[in-house]
Every structure is written in structure tokens, then in C-alpha cells.
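Below is one structure, written out as C-alpha cells; comments come after it.
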Amino acid sequence: MAGDVSDYTREFLSESQEIIDQIDQADVDAVVDTLVTTKKRGGRLFFAGSGGGAGHASHATADFRKIGAFEAYSVTDNVSELTARVNDESWESAYASWLQGSRIGPDDCLFVFSVGGGDAAKNISSNLVAAIDTAKAAGAAIVGIVGRDGGHLRQQATASIVVPTVDPSHVTYQVEGFQALLWHLIVGHPALEGATPMWESVSL
């Protein structure tokens with residue numbers, strides 16, 4: 001009947017509130033601080049993710065350029081270059097070689113969106129693992145928003161945010177949803193002294 005709320009909807013939203021309550025706010029501020037440092041030294045911001053994370057990377061690139069006034073790029077936005085690297089080199093090395101071609105260096109920062117953070121031993125998200133290792137070797141800062149135990153990203157990052165697991169069967173849905181929430185929090189953080197988005201500047 002119209003107006004009824006399903007158990008799934010009620011439980012999912014209740015779970016989401018529980019996740020919000022468990023997020024480590026100090027981790028959020030540590031990511032913000034790392035980005036503030038990157039911006040002050042004129043460093044570039046490189047976004048990377050796969051699947052939904054690639055979608056976040058593209059959207060975040062737009063917002064961090066337009067609102068955050070960063071020089072920002074997404075590893076996966078140029079489909080011609082990406083597929084050429086995958087075809088001629090490998091999927092595992094495609095992101096890393098893109099970063100090398102972009103001359104990622106100590107002033108820059110890699111921002112990763114991943115559900116599990118990658119695991120080299122289990123060959124999970126090997127493209128992100130290689131990208132993280134490439135950024136680390138170049139002396140770049142590494143930040144990200146990740147789920148589960150944070151994986152390789154959490155181990156190597158300068159700062160990272162872990163989206164807590166409440167229901168293991170909802171990990172992907174919740175992590176990718178909260179990635180959008182959290183990076184929007186970050187790009188709008190006053191410490192980054194960004195521009196005001198259009199709708200916030202229009203009076204009611």
C-alpha cells in the first residue's frame with residue numbers, strides 16, 4: 001500500500017545512521033589536512049578508482065577543480081589512453097603507468113576510492129595496488145575513502161577514512177554511498193577555502 005515503508009528501507013537507513021556514528025572524524029580531518037598541505041604547495045590531485053570508484057573519481061575531479069581550485073585529474077577519464085594502456089601493457093599496470101606518465105611527484109596527492117582498498121596477495125584491485133605503490137615511490141601523499149579493513153590503501157596512505165561495516169552483505173552499497181557523502185564533505189570543508197557552489201549562492 002502506498003505510504004508503507006519496507007523493512008529493507010527502514011533497516012538500510014538505520015544501518016546508515018549507525019555507520020555515520022562510527023566514522024572516525026579525526027580520520028576525516030586528517031584527509032582534509034593532507035589536502036590543505038597539497039594545495040598550499042601547489043601540488044596536483046590525482047583521483048583513482050574502479051567501477052563505482054571510477055565514477056566518484058570523475059565527479060570528484062570536477063568538484064575539486066571547480067569548487068576546490070585544485071589542479072585535479074582522474075586516471076580513468078581519458079578512455080582512449082586508458083584502453084590503450086590496458087591493451088598494450090596490462091590492466092594491473094594501467095593506472096600506475098598513467099601516473100608515471102603524468103610525472104606524479106612529492107608535491108602531489110593520489111586520492112583513491114575503493115570498497116576494499118586492494119590486496120596484492122589475493123590479487124584484488126591490483127591496478128589500485130600498483131597505483132598506490134607508484135605514488136608512494138614517487139613521494140606523493142596518498143589519501144582515500146575505503147571500506148572493510150582498508151586493505152592496501154589503509155596500510156600505505158598518508159591519511160584515509162574507513163567506512164565501518166555494519167552489515168557485511170551491504171558493504172559495497174554503503175561504502176560507495178558514503179564515499180560520495182564524505183568527499184563532498186571534504187571539498188566543501190572551509191579549511192580548503194573553496195568557491196561557493198551556485199545553489200548555495202542563490203537566495204530563496
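Identifiers in the C-alpha cells: chain A, B, ... in order shown; residue index from 1 per chain; ligand index from 1 in order shown.
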Extract the full set of helix (DSSP H, G or I) residues from chain A according to DSSP on the backbone, and format it as a PyMOL selection string. chain A and resi 7-22+25-40+52-66+79-88+91-101+126-137+151-156+168-187+190-192+198-201
Near A:Val28, counting only C-alpha atoms, which residues have an atom at most 10 Å away, once you skip same-chain residues fewer than 3 positions from it, shown as JSON, numbers by chain? {"A": [23, 24, 25, 31, 32, 33, 144, 145, 159, 160, 161, 162, 182, 183, 185, 186]}
Spatial neighbours of stretch 56-67 of chain A, 7 Å, only C-alpha atoms, chain gap at least 6 places, as an MDAnalysis selection string: chainID A and resid 47:49 73:74 77 180 187 194:197
For stretch 121-128 of chain A, list every protein, DNA or RNA residue within 9 Å, evaluated using only C-alpha atoms, and leave out those in the same chain fewer than 4 positions away; present the list as a compact mmCIF listing (two decimals) with all heavy atoms, in the first residue's frame.
```txt
# COMPACT_ATOMS: atom_id res chain seq x y z
N ALA A 48 41.62 8.15 -8.38
CA ALA A 48 41.60 6.82 -8.97
C ALA A 48 40.58 5.93 -8.27
O ALA A 48 40.40 6.01 -7.05
CB ALA A 48 42.98 6.17 -8.90
N GLY A 49 39.93 5.10 -9.06
CA GLY A 49 39.00 4.11 -8.54
C GLY A 49 38.58 3.21 -9.68
O GLY A 49 38.85 3.51 -10.85
N SER A 50 37.93 2.13 -9.36
CA SER A 50 37.40 1.22 -10.37
C SER A 50 35.90 1.05 -10.15
O SER A 50 35.42 1.11 -9.02
CB SER A 50 38.09 -0.14 -10.30
OG SER A 50 39.47 -0.04 -10.57
N SER A 90 48.95 -3.69 -19.50
CA SER A 90 48.10 -4.61 -18.73
C SER A 90 47.13 -3.80 -17.89
O SER A 90 47.36 -2.61 -17.63
CB SER A 90 48.94 -5.50 -17.81
OG SER A 90 49.49 -4.75 -16.73
N TRP A 91 46.06 -4.43 -17.46
CA TRP A 91 45.13 -3.77 -16.55
C TRP A 91 45.84 -3.45 -15.23
O TRP A 91 45.66 -2.38 -14.66
CB TRP A 91 43.92 -4.67 -16.28
CG TRP A 91 43.00 -4.17 -15.21
CD1 TRP A 91 42.74 -4.75 -14.01
CD2 TRP A 91 42.22 -2.96 -15.25
NE1 TRP A 91 41.85 -3.99 -13.29
CE2 TRP A 91 41.50 -2.89 -14.02
CE3 TRP A 91 42.05 -1.95 -16.18
CZ2 TRP A 91 40.65 -1.85 -13.71
CZ3 TRP A 91 41.19 -0.89 -15.88
CH2 TRP A 91 40.50 -0.85 -14.66
N GLU A 92 46.66 -4.38 -14.77
CA GLU A 92 47.33 -4.20 -13.48
C GLU A 92 48.22 -2.96 -13.46
O GLU A 92 48.32 -2.28 -12.44
CB GLU A 92 48.17 -5.45 -13.15
CG GLU A 92 47.36 -6.67 -12.78
CD GLU A 92 46.71 -7.36 -13.99
OE1 GLU A 92 47.09 -7.04 -15.14
OE2 GLU A 92 45.83 -8.20 -13.79
N SER A 93 48.87 -2.66 -14.59
CA SER A 93 49.82 -1.54 -14.61
C SER A 93 49.25 -0.26 -15.20
O SER A 93 49.92 0.77 -15.21
CB SER A 93 51.07 -1.94 -15.42
OG SER A 93 50.74 -2.12 -16.79
N ALA A 94 48.01 -0.31 -15.70
CA ALA A 94 47.45 0.83 -16.46
C ALA A 94 47.41 2.12 -15.64
O ALA A 94 47.81 3.19 -16.13
CB ALA A 94 46.06 0.49 -16.97
N TYR A 95 46.94 2.05 -14.41
CA TYR A 95 46.85 3.25 -13.59
C TYR A 95 48.24 3.74 -13.20
O TYR A 95 48.52 4.96 -13.21
CB TYR A 95 46.03 2.99 -12.32
CG TYR A 95 44.54 2.81 -12.50
CD1 TYR A 95 43.98 2.51 -13.74
CD2 TYR A 95 43.68 2.94 -11.41
CE1 TYR A 95 42.61 2.33 -13.88
CE2 TYR A 95 42.31 2.77 -11.54
CZ TYR A 95 41.78 2.46 -12.78
OH TYR A 95 40.43 2.29 -12.90
N ALA A 96 49.10 2.80 -12.83
CA ALA A 96 50.45 3.17 -12.42
C ALA A 96 51.21 3.84 -13.55
O ALA A 96 51.88 4.87 -13.35
CB ALA A 96 51.20 1.93 -11.94
N VAL A 112 42.22 7.89 -3.60
CA VAL A 112 41.67 6.61 -4.06
C VAL A 112 40.30 6.34 -3.46
O VAL A 112 40.09 6.51 -2.26
CB VAL A 112 42.62 5.46 -3.71
CG1 VAL A 112 42.03 4.11 -4.11
CG2 VAL A 112 43.98 5.66 -4.37
N SER A 114 37.87 3.09 -3.05
CA SER A 114 37.88 1.64 -3.19
C SER A 114 37.01 1.01 -2.11
O SER A 114 36.99 1.50 -0.98
CB SER A 114 39.31 1.09 -3.10
OG SER A 114 39.33 -0.32 -3.15
N GLY A 116 37.43 -2.16 -0.96
CA GLY A 116 38.26 -2.96 -0.07
C GLY A 116 39.69 -2.49 0.09
O GLY A 116 40.42 -3.01 0.92
N GLY A 117 40.12 -1.55 -0.75
CA GLY A 117 41.46 -0.99 -0.62
C GLY A 117 42.55 -1.74 -1.35
O GLY A 117 43.69 -1.31 -1.36
N ILE A 132 48.90 2.88 -5.99
CA ILE A 132 49.28 3.32 -4.65
C ILE A 132 50.79 3.18 -4.46
O ILE A 132 51.46 4.10 -3.95
CB ILE A 132 48.51 2.51 -3.59
CG1 ILE A 132 47.03 2.89 -3.63
CG2 ILE A 132 49.09 2.73 -2.20
CD1 ILE A 132 46.12 1.90 -2.90
N ASP A 133 51.35 2.06 -4.90
CA ASP A 133 52.79 1.83 -4.75
C ASP A 133 53.60 2.82 -5.58
O ASP A 133 54.67 3.28 -5.15
CB ASP A 133 53.13 0.40 -5.15
CG ASP A 133 52.63 -0.63 -4.14
OD1 ASP A 133 52.24 -0.23 -3.02
OD2 ASP A 133 52.62 -1.83 -4.48
N HIS A 152 45.20 -2.48 1.26
CA HIS A 152 46.50 -1.89 0.92
C HIS A 152 46.47 -0.37 1.04
O HIS A 152 47.46 0.25 1.45
CB HIS A 152 46.86 -2.31 -0.50
CG HIS A 152 48.28 -2.02 -0.88
ND1 HIS A 152 49.36 -2.68 -0.32
CD2 HIS A 152 48.81 -1.14 -1.78
CE1 HIS A 152 50.49 -2.22 -0.84
NE2 HIS A 152 50.19 -1.29 -1.73
N LEU A 153 45.34 0.22 0.70
CA LEU A 153 45.22 1.68 0.79
C LEU A 153 45.45 2.15 2.22
O LEU A 153 46.25 3.06 2.47
CB LEU A 153 43.85 2.13 0.29
CG LEU A 153 43.54 3.61 0.52
CD1 LEU A 153 44.48 4.51 -0.25
CD2 LEU A 153 42.10 3.92 0.17
```
If you run DSSP on this backbone, which residues of stretch 73-133 of chain A come out as strand (DSSP E), and could you give them as number ranges by chain? A: 73-74, 109-114
May I ask which of the residues A:Asp27, A:Trp98, A:Val115, A:Val36 is the closest one to A:His170, counting only C-alpha atoms?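 Selected residue with least distance to A:His170: A:Val115.
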Between atom CA of A:Pro164 and atom CA of A:His189 - distance in Å to one decimal: 21.8 Å
What does the structure give for the distance between atom CA of A:Gly42 and atom CA of A:Asp107, in Å to one decimal? 7.0 Å
Enter the distance from atom CA of A:Val146 to atom CA of A:Asp7, in Å, rounded to one decimal.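 Distance between the two atoms: 27.1 Å.
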Write out as a list in words each polymer residue whose atoms come within 12 Å of A:Lys40, counting only C-alpha atoms; drop sequence neighbours fewer than 6 positions from it.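 The contact residues come out as Asp33, Thr34, Ala69, Phe70, Glu71, Asp107, Asp108, Ala191, Leu192 and Glu193 of chain A.
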Could the residues in this selection be saved with C-alpha atoms as a compact mmCIF listing (two decimals), in the first residue's frame?
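Writing the result to selection-v8.txt gives the following:
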```
# COMPACT_ATOMS: atom_id res chain seq x y z
CA ASP A 33 44.79 18.40 6.41
CA THR A 34 46.71 16.39 3.81
CA ALA A 69 40.56 25.24 -7.01
CA PHE A 70 42.92 22.25 -7.31
CA GLU A 71 44.69 21.16 -10.45
CA ASP A 107 54.15 17.78 -4.19
CA ASP A 108 51.18 15.76 -5.49
CA ALA A 191 39.88 24.71 5.55
CA LEU A 192 40.23 24.23 1.79
CA GLU A 193 38.89 27.75 1.15
```
What's around A:Val171 at 8 Å? Count only C-alpha atoms, leave out sequence neighbours fewer than 5 positions away in its own chain, and write the answer as a PyMOL selection string. chain A and resi 115+147-148+165
Could you write out that same residue set with all heavy atoms as a compact mmCIF listing (two decimals), in the first residue's frame?
```
# COMPACT_ATOMS: atom_id res chain seq x y z
N VAL A 115 36.32 -0.06 -2.46
CA VAL A 115 35.50 -0.74 -1.46
C VAL A 115 36.38 -1.48 -0.46
O VAL A 115 36.15 -1.43 0.75
CB VAL A 115 34.49 -1.70 -2.12
CG1 VAL A 115 33.77 -2.54 -1.06
CG2 VAL A 115 33.47 -0.92 -2.93
N GLY A 147 36.41 0.80 2.45
CA GLY A 147 35.61 0.01 3.37
C GLY A 147 36.38 -1.17 3.92
O GLY A 147 37.61 -1.25 3.81
N ARG A 148 35.65 -2.11 4.51
CA ARG A 148 36.21 -3.31 5.12
C ARG A 148 37.33 -2.93 6.09
O ARG A 148 37.14 -2.06 6.93
CB ARG A 148 36.65 -4.29 4.04
CG ARG A 148 35.45 -4.81 3.20
CD ARG A 148 35.88 -5.68 2.05
NE ARG A 148 36.55 -6.89 2.51
CZ ARG A 148 35.94 -8.05 2.77
NH1 ARG A 148 34.63 -8.15 2.63
NH2 ARG A 148 36.63 -9.10 3.15
N THR A 165 31.89 -1.33 8.66
CA THR A 165 30.97 -2.38 8.22
C THR A 165 29.99 -2.68 9.34
O THR A 165 30.39 -3.05 10.44
CB THR A 165 31.74 -3.66 7.85
OG1 THR A 165 32.64 -3.38 6.78
CG2 THR A 165 30.77 -4.76 7.42
```
Kindly indicate which residue among A:Thr76, A:Ser203, A:Gln22, A:Thr134 lies nearest to A:Gly55, using only C-alpha atoms for the distances.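 So, comparing all the options, the nearest one is A:Thr76.
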Compare A:Cys109, A:Ala157, A:Leu13, A:Ala138 by their minimum atom-to-atom distance to A:Leu35, counting only C-alpha atoms, and give me the closest one. A:Cys109
